[in-house]
Each structure stands twice: as structure tokens, then as C-alpha cells.
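Here is work.csv, consisting of CSV, C-alpha atoms:
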chain,number,residue,atom,x,y,z
U,1,MET,CA,-0.2,33.0,0.7
U,2,ASN,CA,-2.2,30.4,-1.2
U,3,ARG,CA,-4.1,27.5,0.3
U,4,PHE,CA,-1.4,25.0,-0.3
U,5,TRP,CA,1.2,26.8,1.8
U,6,ILE,CA,-1.3,27.6,4.5
U,7,ALA,CA,-2.0,23.8,4.7
U,8,VAL,CA,1.7,23.1,4.9
U,9,ALA,CA,2.2,25.6,7.6
U,10,MET,CA,-0.6,24.2,9.7
U,11,LEU,CA,0.8,20.7,9.3
U,12,LEU,CA,4.3,21.8,10.5
U,13,ALA,CA,2.7,23.6,13.4
U,14,ALA,CA,0.9,20.5,14.5
U,15,GLY,CA,4.3,18.9,15.2
U,16,THR,CA,5.7,15.6,14.1
U,17,ALA,CA,4.4,13.7,17.1
U,18,ALA,CA,0.9,13.9,15.6
U,19,LEU,CA,1.9,12.1,12.5
U,20,ALA,CA,1.9,8.7,14.1
U,21,ASP,CA,-1.9,8.5,14.2
U,22,MET,CA,-2.7,11.1,11.6
U,23,ASN,CA,-5.3,10.3,9.0
U,24,VAL,CA,-4.9,12.5,5.8
U,25,VAL,CA,-8.4,11.6,4.5
U,26,THR,CA,-11.2,10.1,6.5
U,27,ARG,CA,-14.6,9.5,5.1
U,28,SER,CA,-17.3,6.9,5.8
U,29,ASP,CA,-15.8,4.6,3.2
U,30,THR,CA,-12.1,5.8,2.7
U,31,GLU,CA,-9.1,6.3,5.0
U,32,ILE,CA,-5.6,7.3,4.1
U,33,ALA,CA,-2.8,7.6,6.6
U,34,ILE,CA,0.9,8.6,6.7
U,35,TRP,CA,3.6,6.6,8.4
U,36,GLY,CA,7.4,6.1,8.2
U,37,LYS,CA,10.8,5.7,9.8
U,38,LEU,CA,14.0,7.7,9.9
U,39,HIS,CA,17.1,5.7,10.7
U,40,VAL,CA,20.6,7.2,10.7
U,41,GLU,CA,24.0,5.6,11.7
U,42,ALA,CA,27.5,7.0,12.1
U,43,ASP,CA,29.9,4.1,11.5
U,44,ASN,CA,33.6,3.8,12.3
U,45,TYR,CA,34.8,0.7,10.3
U,46,ALA,CA,37.9,-1.2,9.6
U,47,VAL,CA,38.8,-3.9,7.1
U,48,ASP,CA,41.6,-6.4,8.0
U,49,SER,CA,42.7,-7.7,4.7
U,50,ALA,CA,43.9,-11.3,4.4
U,51,THR,CA,47.0,-10.1,2.6
U,52,GLY,CA,47.5,-6.8,4.4
U,53,ALA,CA,47.5,-4.9,1.1
U,54,GLY,CA,43.7,-4.2,1.3
U,55,ASP,CA,43.5,-2.9,4.9
U,56,ALA,CA,41.1,0.0,5.1
U,57,SER,CA,39.3,2.1,7.7
U,58,GLY,CA,37.0,5.1,7.7
U,59,THR,CA,34.1,7.0,9.2
U,60,ARG,CA,30.8,7.5,7.4
U,61,LEU,CA,27.2,8.6,7.9
U,62,GLN,CA,24.5,6.5,6.3
U,63,THR,CA,20.8,5.8,6.5
U,64,HIS,CA,19.3,2.3,6.9
U,65,SER,CA,15.9,1.6,5.4
U,66,SER,CA,14.5,5.1,6.2
U,67,ARG,CA,11.1,5.4,4.6
U,68,PHE,CA,8.0,7.5,4.0
U,69,ALA,CA,4.6,6.0,3.1
U,70,PHE,CA,1.0,6.6,2.4
U,71,LYS,CA,-1.4,3.7,3.1
U,72,GLY,CA,-5.1,3.5,2.8
U,73,SER,CA,-8.3,1.5,2.4
U,74,HIS,CA,-11.7,1.9,0.7
U,75,VAL,CA,-14.7,-0.1,2.0
U,76,LEU,CA,-16.5,-2.1,-0.7
U,77,ASN,CA,-18.9,-4.0,1.5
U,78,GLU,CA,-19.2,-5.4,5.0
U,79,ASP,CA,-16.5,-8.0,4.4
U,80,MET,CA,-14.3,-6.5,1.6
U,81,LYS,CA,-12.2,-3.4,1.2
U,82,GLY,CA,-9.6,-2.2,-1.3
U,83,VAL,CA,-6.2,-1.5,0.2
U,84,PHE,CA,-3.1,0.2,-1.1
U,85,GLN,CA,0.3,1.5,-0.1
U,86,ILE,CA,2.9,3.8,-1.6
U,87,GLU,CA,6.3,3.5,0.2
U,88,ALA,CA,9.5,5.2,-0.8
U,89,GLN,CA,12.9,4.8,0.7
U,90,ALA,CA,14.2,8.1,2.1
U,91,ASN,CA,17.7,9.1,1.2
U,92,MET,CA,19.0,11.0,4.2
U,93,THR,CA,22.7,11.0,3.7
U,94,GLY,CA,23.3,11.1,0.0
U,95,ASP,CA,24.8,7.6,-0.2
U,96,GLU,CA,22.3,6.4,-2.8
U,97,GLY,CA,22.3,9.5,-5.1
U,98,ALA,CA,20.9,13.0,-5.1
U,99,GLU,CA,17.3,12.0,-5.2
U,100,PRO,CA,15.5,12.3,-1.8
U,101,PHE,CA,13.4,9.2,-2.5
U,102,ALA,CA,15.7,7.0,-4.7
U,103,LYS,CA,14.0,3.6,-4.2
U,104,THR,CA,10.6,2.1,-4.1
U,105,ARG,CA,9.8,-0.1,-1.1
U,106,ASN,CA,6.5,-2.1,-0.5
U,107,THR,CA,4.1,-0.5,-3.0
U,108,TYR,CA,0.9,-2.3,-3.9
U,109,LEU,CA,-2.8,-2.4,-4.6
U,110,GLY,CA,-5.0,-5.2,-3.2
U,111,LEU,CA,-8.1,-6.5,-1.7
U,112,SER,CA,-8.7,-7.5,1.9
U,113,SER,CA,-11.4,-9.7,3.3
U,114,ALA,CA,-11.9,-10.5,7.0
U,115,THR,CA,-13.0,-14.0,6.1
U,116,ALA,CA,-10.8,-14.8,3.0
U,117,GLY,CA,-7.6,-12.9,3.7
U,118,GLU,CA,-5.7,-10.3,1.7
U,119,ILE,CA,-4.0,-10.2,-1.7
U,120,ARG,CA,-1.4,-7.6,-2.7
U,121,MET,CA,0.0,-6.9,-6.1
U,122,GLY,CA,3.1,-4.8,-6.8
U,123,LYS,CA,6.6,-4.5,-5.5
U,124,HIS,CA,6.6,-6.3,-2.1
U,125,ASP,CA,8.5,-8.4,0.4
U,126,VAL,CA,8.1,-12.1,-0.3
U,127,ALA,CA,6.5,-14.4,2.2
U,128,TYR,CA,9.9,-15.9,3.1
U,129,LYS,CA,11.3,-12.5,4.2
U,130,MET,CA,8.1,-11.4,6.0
U,131,ALA,CA,8.0,-14.6,8.1
U,132,THR,CA,11.5,-14.3,9.5
U,133,ILE,CA,11.6,-10.6,10.5
U,134,GLY,CA,11.1,-11.5,14.2
U,135,ASP,CA,14.5,-13.4,14.6
U,136,ASN,CA,16.5,-10.2,13.8
U,137,ILE,CA,17.3,-8.5,17.1
U,138,CYS,CA,19.1,-5.6,15.4
U,139,ALA,CA,16.9,-5.3,12.3
U,140,ASP,CA,18.0,-2.8,9.5
U,141,ALA,CA,21.2,-1.9,11.4
U,142,LEU,CA,24.7,-2.6,10.1
U,143,GLY,CA,25.1,-5.6,12.4
U,144,GLU,CA,21.8,-7.3,11.6
U,145,ASN,CA,21.6,-11.0,11.2
U,146,ASP,CA,20.4,-10.6,7.5
U,147,ASN,CA,24.2,-10.5,6.8
U,148,ILE,CA,24.1,-14.3,7.3
U,149,ILE,CA,20.4,-15.4,7.4
U,150,SER,CA,19.0,-14.7,3.9
U,151,GLU,CA,15.8,-12.8,3.1
U,152,GLY,CA,15.2,-15.0,0.1
U,153,LEU,CA,14.3,-12.8,-2.9
U,154,GLY,CA,13.8,-9.9,-0.5
U,155,ARG,CA,11.6,-7.3,-2.2
U,156,PRO,CA,11.4,-8.1,-6.0
U,157,ASP,CA,9.3,-6.4,-8.6
U,158,ASP,CA,6.1,-7.9,-10.0
U,159,THR,CA,5.1,-9.7,-6.8
U,160,ALA,CA,1.7,-11.2,-5.8
U,161,LEU,CA,1.3,-11.9,-2.1
U,162,TYR,CA,-1.5,-13.6,-0.2
U,163,LEU,CA,-2.0,-13.3,3.6
U,164,SER,CA,-4.6,-15.5,5.2
U,165,PRO,CA,-6.8,-14.5,8.1
U,166,LYS,CA,-5.2,-15.2,11.6
U,167,VAL,CA,-6.8,-18.2,13.4
U,168,SER,CA,-5.6,-18.8,17.0
U,169,GLY,CA,-2.4,-16.9,16.1
U,170,LEU,CA,-1.8,-18.9,12.9
U,171,GLN,CA,-1.4,-17.3,9.5
U,172,PHE,CA,-0.4,-18.6,6.1
U,173,LEU,CA,1.6,-16.5,3.7
U,174,ALA,CA,2.4,-17.2,0.0
U,175,SER,CA,4.0,-15.1,-2.8
U,176,VAL,CA,5.0,-15.4,-6.4
U,177,ALA,CA,7.5,-13.1,-8.0
U,178,LEU,CA,7.8,-12.8,-11.8
U,179,THR,CA,10.3,-11.1,-14.1
U,180,ASP,CA,9.5,-7.7,-15.6
U,181,ALA,CA,12.1,-8.0,-18.4
U,182,GLN,CA,11.2,-8.6,-22.1
U,183,GLU,CA,11.5,-12.1,-23.4
U,184,TYR,CA,13.2,-12.9,-26.7
U,185,ASP,CA,10.9,-14.4,-29.2
U,186,GLY,CA,12.0,-12.7,-32.5
U,187,ASP,CA,9.7,-9.8,-32.0
U,188,LYS,CA,10.8,-8.7,-28.5
U,189,LEU,CA,14.4,-8.3,-27.8
U,190,ALA,CA,16.3,-8.5,-24.5
U,191,PRO,CA,18.0,-5.3,-23.4
U,192,THR,CA,21.2,-6.3,-25.1
U,193,ASN,CA,19.4,-7.8,-28.2
U,194,LYS,CA,21.0,-11.1,-27.4
U,195,PRO,CA,18.9,-14.2,-26.7
U,196,SER,CA,21.6,-15.4,-24.2
U,197,ASP,CA,21.1,-12.3,-22.1
U,198,VAL,CA,17.4,-12.7,-21.6
U,199,GLN,CA,16.3,-11.7,-18.1
U,200,ALA,CA,13.8,-14.3,-17.0
U,201,GLY,CA,12.9,-16.2,-13.9
U,202,HIS,CA,10.5,-16.5,-11.0
U,203,GLY,CA,10.4,-17.3,-7.3
U,204,VAL,CA,7.7,-18.9,-5.2
U,205,SER,CA,7.7,-18.8,-1.4
U,206,ALA,CA,5.3,-19.8,1.4
U,207,ALA,CA,5.3,-19.6,5.2
U,208,ILE,CA,3.3,-20.6,8.2
U,209,LEU,CA,3.6,-18.1,11.1
U,210,TRP,CA,2.3,-18.4,14.6
U,211,GLU,CA,2.2,-15.5,17.0
U,212,GLY,CA,1.3,-15.8,20.7
U,213,SER,CA,-0.4,-13.2,22.9
U,214,ASP,CA,2.9,-12.9,24.8
U,215,LYS,CA,4.8,-11.8,21.7
U,216,SER,CA,6.3,-15.3,21.2
U,217,PHE,CA,6.4,-16.6,17.6
U,218,ALA,CA,7.4,-19.5,15.5
U,219,CYS,CA,7.5,-20.0,11.7
U,220,VAL,CA,8.6,-22.2,8.9
U,221,ALA,CA,9.2,-20.8,5.4
U,222,ALA,CA,10.4,-22.2,2.1
U,223,GLU,CA,11.3,-20.6,-1.2
U,224,LEU,CA,12.0,-22.0,-4.7
U,225,GLN,CA,13.9,-20.0,-7.3
U,226,LYS,CA,14.2,-20.6,-11.0
U,227,GLY,CA,15.9,-18.5,-13.7
U,228,ASP,CA,18.7,-16.0,-14.0
U,229,VAL,CA,17.1,-12.6,-13.0
U,230,ILE,CA,13.9,-12.2,-11.0
U,231,SER,CA,13.5,-8.5,-12.1
U,232,SER,CA,15.5,-5.6,-13.6
U,233,GLY,CA,17.3,-5.1,-10.3
U,234,ASP,CA,17.1,-8.3,-8.2
U,235,LYS,CA,19.2,-11.3,-9.3
U,236,VAL,CA,18.1,-14.8,-8.4
U,237,SER,CA,20.7,-16.3,-6.1
U,238,GLY,CA,20.2,-19.8,-7.4
U,239,TYR,CA,19.1,-21.2,-4.0
U,240,ASP,CA,16.1,-23.1,-2.8
U,241,SER,CA,15.8,-22.3,0.9
U,242,VAL,CA,14.0,-23.5,4.0
U,243,VAL,CA,14.1,-21.6,7.3
U,244,LEU,CA,12.9,-22.3,10.9
U,245,SER,CA,12.6,-19.3,13.1
U,246,ALA,CA,11.3,-18.8,16.7
U,247,GLY,CA,11.4,-16.4,19.6
U,248,CYS,CA,9.9,-16.0,23.1
U,249,ASP,CA,10.2,-14.1,26.4
U,250,VAL,CA,11.8,-16.5,28.8
U,251,LEU,CA,12.1,-14.2,31.8
U,252,ASP,CA,10.8,-10.8,32.7
U,253,GLY,CA,12.6,-8.5,30.3
U,254,THR,CA,14.5,-11.3,28.5
U,255,LYS,CA,13.8,-12.2,24.9
U,256,LEU,CA,15.4,-15.1,23.0
U,257,VAL,CA,15.3,-15.6,19.2
U,258,GLY,CA,16.8,-18.1,16.8
U,259,ALA,CA,16.8,-19.2,13.2
U,260,ILE,CA,18.3,-22.1,11.2
U,261,GLU,CA,18.3,-22.1,7.4
U,262,THR,CA,19.3,-24.5,4.7
U,263,ARG,CA,20.0,-23.3,1.2
U,264,SER,CA,20.5,-25.8,-1.7
U,265,GLY,CA,22.3,-24.6,-4.7
U,266,ALA,CA,20.3,-25.0,-7.9
U,267,ARG,CA,23.5,-25.2,-10.0
U,268,ASP,CA,26.6,-27.2,-9.5
U,269,ALA,CA,28.7,-24.0,-9.1
U,270,ILE,CA,26.7,-22.9,-6.1
U,271,ALA,CA,27.6,-24.6,-2.8
U,272,ASP,CA,25.0,-25.6,-0.3
U,273,GLN,CA,24.7,-23.6,3.0
U,274,LEU,CA,23.6,-24.2,6.6
U,275,ASN,CA,23.0,-20.9,8.3
U,276,TYR,CA,22.0,-20.3,11.9
U,277,SER,CA,21.6,-17.4,14.3
U,278,VAL,CA,20.9,-16.9,18.0
U,279,GLY,CA,20.1,-13.6,19.8
U,280,VAL,CA,19.0,-12.3,23.1
U,281,LYS,CA,17.6,-8.9,24.1
U,282,GLN,CA,17.8,-8.1,27.8
U,283,ARG,CA,16.1,-5.1,29.3
U,284,VAL,CA,18.4,-3.8,32.0
U,285,VAL,CA,16.7,-0.9,33.8
U,286,GLY,CA,13.5,0.8,32.6
U,287,LYS,CA,14.2,1.9,29.0
U,288,HIS,CA,17.7,0.5,28.7
U,289,ALA,CA,18.5,-2.8,26.9
U,290,ILE,CA,21.4,-5.0,25.8
U,291,LYS,CA,21.2,-6.9,22.6
U,292,VAL,CA,23.6,-9.7,21.5
U,293,GLN,CA,23.4,-11.7,18.3
U,294,TYR,CA,25.7,-14.4,16.8
U,295,SER,CA,25.2,-15.8,13.3
U,296,VAL,CA,27.1,-18.4,11.3
U,297,ARG,CA,27.2,-19.3,7.6
U,298,ASP,CA,28.4,-22.9,7.1
U,299,VAL,CA,29.2,-23.4,3.4
U,300,ASP,CA,29.7,-26.8,1.8
U,301,ALA,CA,32.9,-25.7,0.2
U,302,LYS,CA,36.5,-25.5,1.5
U,303,ASP,CA,37.3,-22.5,3.8
U,304,ALA,CA,34.1,-20.7,2.7
U,305,ASP,CA,32.4,-20.2,6.1
U,306,ALA,CA,31.7,-16.8,7.8
U,307,ASP,CA,30.3,-15.6,11.2
U,308,LEU,CA,28.9,-12.4,12.5
U,309,THR,CA,28.9,-11.1,16.1
U,310,THR,CA,26.9,-8.0,17.2
U,311,VAL,CA,26.6,-6.4,20.6
U,312,ALA,CA,24.4,-3.3,21.1
U,313,TYR,CA,23.1,-1.1,23.9
U,314,SER,CA,19.8,0.7,23.2
U,315,TYR,CA,17.9,3.4,25.0
U,316,ALA,CA,14.2,4.0,24.2
U,317,ALA,CA,14.0,7.7,24.7
U,318,SER,CA,10.3,7.7,23.9
U,319,LYS,CA,7.8,5.4,22.2
U,320,SER,CA,9.0,6.7,18.8
U,321,LEU,CA,12.7,7.4,19.4
U,322,GLU,CA,15.5,4.8,20.0
U,323,LEU,CA,19.2,5.6,20.4
U,324,TYR,CA,21.9,2.9,20.3
U,325,VAL,CA,25.6,2.1,20.2
U,326,MET,CA,26.7,-1.1,18.5
U,327,ALA,CA,29.9,-3.1,17.9
U,328,THR,CA,29.8,-5.6,15.1
U,329,ALA,CA,32.3,-7.9,13.3
U,330,ILE,CA,32.3,-10.3,10.4
U,331,ASN,CA,35.0,-13.0,10.2
U,332,ASN,CA,35.5,-14.6,6.8
U,333,ASP,CA,37.4,-17.8,6.0
U,334,THR,CA,40.0,-17.7,3.3
U,335,ALA,CA,37.5,-18.4,0.5
U,336,SER,CA,34.7,-16.2,1.9
U,337,ALA,CA,34.0,-12.5,1.3
U,338,VAL,CA,30.8,-11.6,3.2
U,339,ASP,CA,30.2,-7.9,3.4
U,340,TYR,CA,27.6,-6.0,5.4
U,341,SER,CA,24.4,-6.4,3.4
U,342,ASP,CA,22.8,-3.1,4.4
U,343,GLY,CA,25.7,-0.6,4.2
U,344,LYS,CA,28.4,-2.4,2.1
U,345,ILE,CA,32.0,-1.4,2.8
U,346,GLY,CA,32.9,-2.6,-0.7
U,347,ASN,CA,36.0,-4.2,-2.2
U,348,VAL,CA,35.9,-6.9,0.4
U,349,GLY,CA,38.2,-9.7,-0.6
U,350,LYS,CA,38.3,-13.3,0.3
U,351,GLY,CA,39.5,-13.8,3.8
U,352,ASP,CA,39.0,-10.2,4.8
U,353,ASP,CA,37.6,-9.5,8.3
U,354,LEU,CA,35.3,-6.5,9.0
U,355,GLN,CA,34.7,-4.5,12.2
U,356,ALA,CA,32.6,-1.5,13.0
U,357,VAL,CA,31.5,0.7,15.9
U,358,VAL,CA,28.2,2.4,15.3
U,359,LEU,CA,26.1,5.2,16.8
U,360,GLY,CA,22.5,5.2,15.6
U,361,ALA,CA,19.1,6.7,16.0
U,362,ILE,CA,15.7,5.5,14.9
U,363,TYR,CA,12.5,7.6,14.8
U,364,ASP,CA,9.2,5.9,14.0
U,365,PHE,CA,6.1,8.0,13.1
Could you render the structure as C-alpha cells?
Amino acid sequence: MNRFWIAVAMLLAAGTAALADMNVVTRSDTEIAIWGKLHVEADNYAVDSATGAGDASGTRLQTHSSRFAFKGSHVLNEDMKGVFQIEAQANMTGDEGAEPFAKTRNTYLGLSSATAGEIRMGKHDVAYKMATIGDNICADALGENDNIISEGLGRPDDTALYLSPKVSGLQFLASVALTDAQEYDGDKLAPTNKPSDVQAGHGVSAAILWEGSDKSFACVAAELQKGDVISSGDKVSGYDSVVLSAGCDVLDGTKLVGAIETRSGARDAIADQLNYSVGVKQRVVGKHAIKVQYSVRDVDAKDADADLTTVAYSYAASKSLELYVMATAINNDTASAVDYSDGKIGNVGKGDDLQAVVLGAIYDF
């Protein structure tokens, strides 16, 4: 047995519990660590078609934002260090193709300074998305409030992100996302060789985030979008957005969160939106908790509103493992066709209502 397989055998023998704090490389100036998340759901869903002709139901197994990553740092001087991360989305159920790591998540190279902050360059969540993660009680699950409250551009290619140092719990975030497609100038052709199909655009977002020592938080974030396509895979929605988000522990074991978002259509064909969400997480006994979230999309167009209701029970089996059962429903007005954003049912028509009962498990390492 060669040295590689001996090393693999030793790693497996050490057990997955050791991965949480495991450093792959540790030197006086360099550190590399492994981390990740495995998230699997079994969904029983139903679609109530507005016409009755499109009624559907089924049971499926899917993964939500499962990931595997290496991250590290290299000391340059007393204040500055180089930082990097390589993060891949893990395909556990085959619903995104045969490849085990079919998508790239936050992957970047950057510099970090204790006094000046940190800059990251690569494929990365924009500041708008990063600032509002806390208001999502059931993050990454089928019934998450991201079905209604937007993530802005989400995680586009070609992103530069700045994170300021935290001062008294306050932090400033800013990001710029640029297109990676070729421009048409006579020498370089768009993918279809047509000037009208040029993929071009950019998005700028910024946020101010405050976090308290008691896990309370508040943030305000804004994003401006321009263009048709922000990257080869992420279309600009055509919205300029502003969001206010906050959360706090009001009683022992009770957490309240909320968000309100305005989205202004950059083109006449896109109707303005007012979106809001409220959620509560109540610890019942010990490791047991109940989560409830209600979100509404109020669209400035006739009969185009939608709302989302999610109720979940979760059990923290350990520090790393969470088990849960969830019921979630989306109600669409006659001119709305909102689908689940992470785990689309597909072929959802205007006025269709969606429901699902979910069994899930999340393992962090």
C-alpha cells in the first residue's frame, strides 16, 4: 500500500468528528483547514393548479447547499495575511447531474488586515446577500424565506468584496460584480456572434451590519444593477433593491427576526415590489425547537402577489447534527408563479399553489 492510501486510511480512522477543527497544514506562517456541510431533504410535495389541469404531486430526495471546502491563510507580516478558499457544492442526490461537485460556491483569493479589513476576489456572495442571512430562520431548506426576500445577485462570477474591521459590533461590506462574457467590438464576438446578444452588466451592493454580544443583529443593505446578464450563469433581475433586516432574543429561548425589502424595476416591464418577512424560533425543551416564518411579496401589478408560510420542528442531536420536519406552502395570486427557489418543482403556472412536507438532516463539519 503506497503512502497516499495509508494517509487516506488514517484519515478515515480518525473519524468525521475530528474534521471540524482539523488543520490539513499548519506551519509558522501557513494554515489550511477543511470544512463543509451535508444537507439532505425528503420532500412530499403537491401543486394545486389554478386550472386543475396542472395538478401534480410527488416524493423526491434532494440536497440543499451541501458543500465541501478548503480555506487557509498565509502570514505576510504582523498585520497582513493572504487568505483563500475553494468551496464546491456537493451533489448528494444526483439532481444536478452526475458530477459529485457540480457547482462552484464561494471561491476566492484575497488579503486580510486587522486594521484595514479584508478584500476577496473571485466567485462570491455579494454584500447584499451576506448582510441578510440572519433573518432566514430556515436557511437553505425548501421553505426558506429566500423564496420571497431576494438575495440580490446572490453569488455571481467575477466579484470583488470588501469587509471592514468590526468596531463595536459594526461592519461595512461592499461588493462589485462584473460580467465575464466577451464584449462585441468587431474583434471579439458574443457567444451567438450577434451584437444584440452581448452579455454585459454589473451590480454594486453595500451593507452596514451590526451584531451584538447577545446574538442580536441589524443591517441595512442596498444593491444597484445594470445590464442584461451579470455573468455566464446569473441573469440580472433588473431590480435596484434596499433591505432592512433585524433579529434579537426577546425571552430566554425565543428569537425574533424580520426583514422588509423594496425592489424598484429598472425597466418599465418590471413591476416594483415590497417584500417582508417575520419569523420566530422558540426553544421548547433542551435541544428541541419550533420555527415559524411568514413572508409576503407585494407586487405593484394586478393579482401578482404571493406569500409563503413555513412551520418546522428541529432537534439538535449534537453540535454538528440537526434533524427536522417541516411543512411549507406558497400561495400565488392569479398572475404570480413563485416556485421554491432552492429545489424548484418546475412547470409552476400563474395562480398555482404549492405545498410540501419535508424531513431533513443537516451535518456541519
| said: Using all atoms listed in the file - which residues lie no farther than 7 Å from the point (21.7, 2.1, 18.8) in the file's frame? Write them as a list of chain:residue names. | reply: U:Ala312, U:Tyr313, U:Ser314, U:Glu322, U:Leu323, U:Tyr324, U:Val325, U:Met326, U:Leu359, U:Gly360, U:Ala361
| request: List the neighbours of U:Gly253 out to 10 Å using all atoms listed in the file; skip same-chain residues closer than 3 positions along the sequence, and give me the result as a VMD selection string. | output: chain U and resid 249 to 250 281 to 286 289
| message | So that I can see what lies close to stretch 137-152 of chain U, please list as a PyMOL selection string the residues with an atom at most 6 Å from it, counting all atoms listed in the file and leaving out residues fewer than 2 positions away in the same chain. | response | chain U and resi 64+129+154+297+310+328+340-341
| field | Best match for closeness to U:Gln355 among U:Asp303, U:Ala88, U:Thr309, U:Glu31, counting all atoms listed in the file | value | U:Thr309
| query | Leaving out U:Asp135 and any residue of its chain fewer than 6 positions from it, which residues lie within 8 Å of it when counting all atoms listed in the file, given as a PyMOL selection string? | reply | chain U and resi 245-247+257-259+279
| task | Would you list the residues near (17.7, -22.3, 10.6) (no more than 7 Å away, in the coordinates of the file, using only C-alpha atoms) as a PyMOL selection string? | result | chain U and resi 243-245+259-262+275-276
| message | Between atom CA of U:Ala306 and atom CA of U:Ala221, what is the distance in Å, rounded to a tenth? | response |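 Atom CA of U:Ala306 sits 23.0 Å away from atom CA of U:Ala221.
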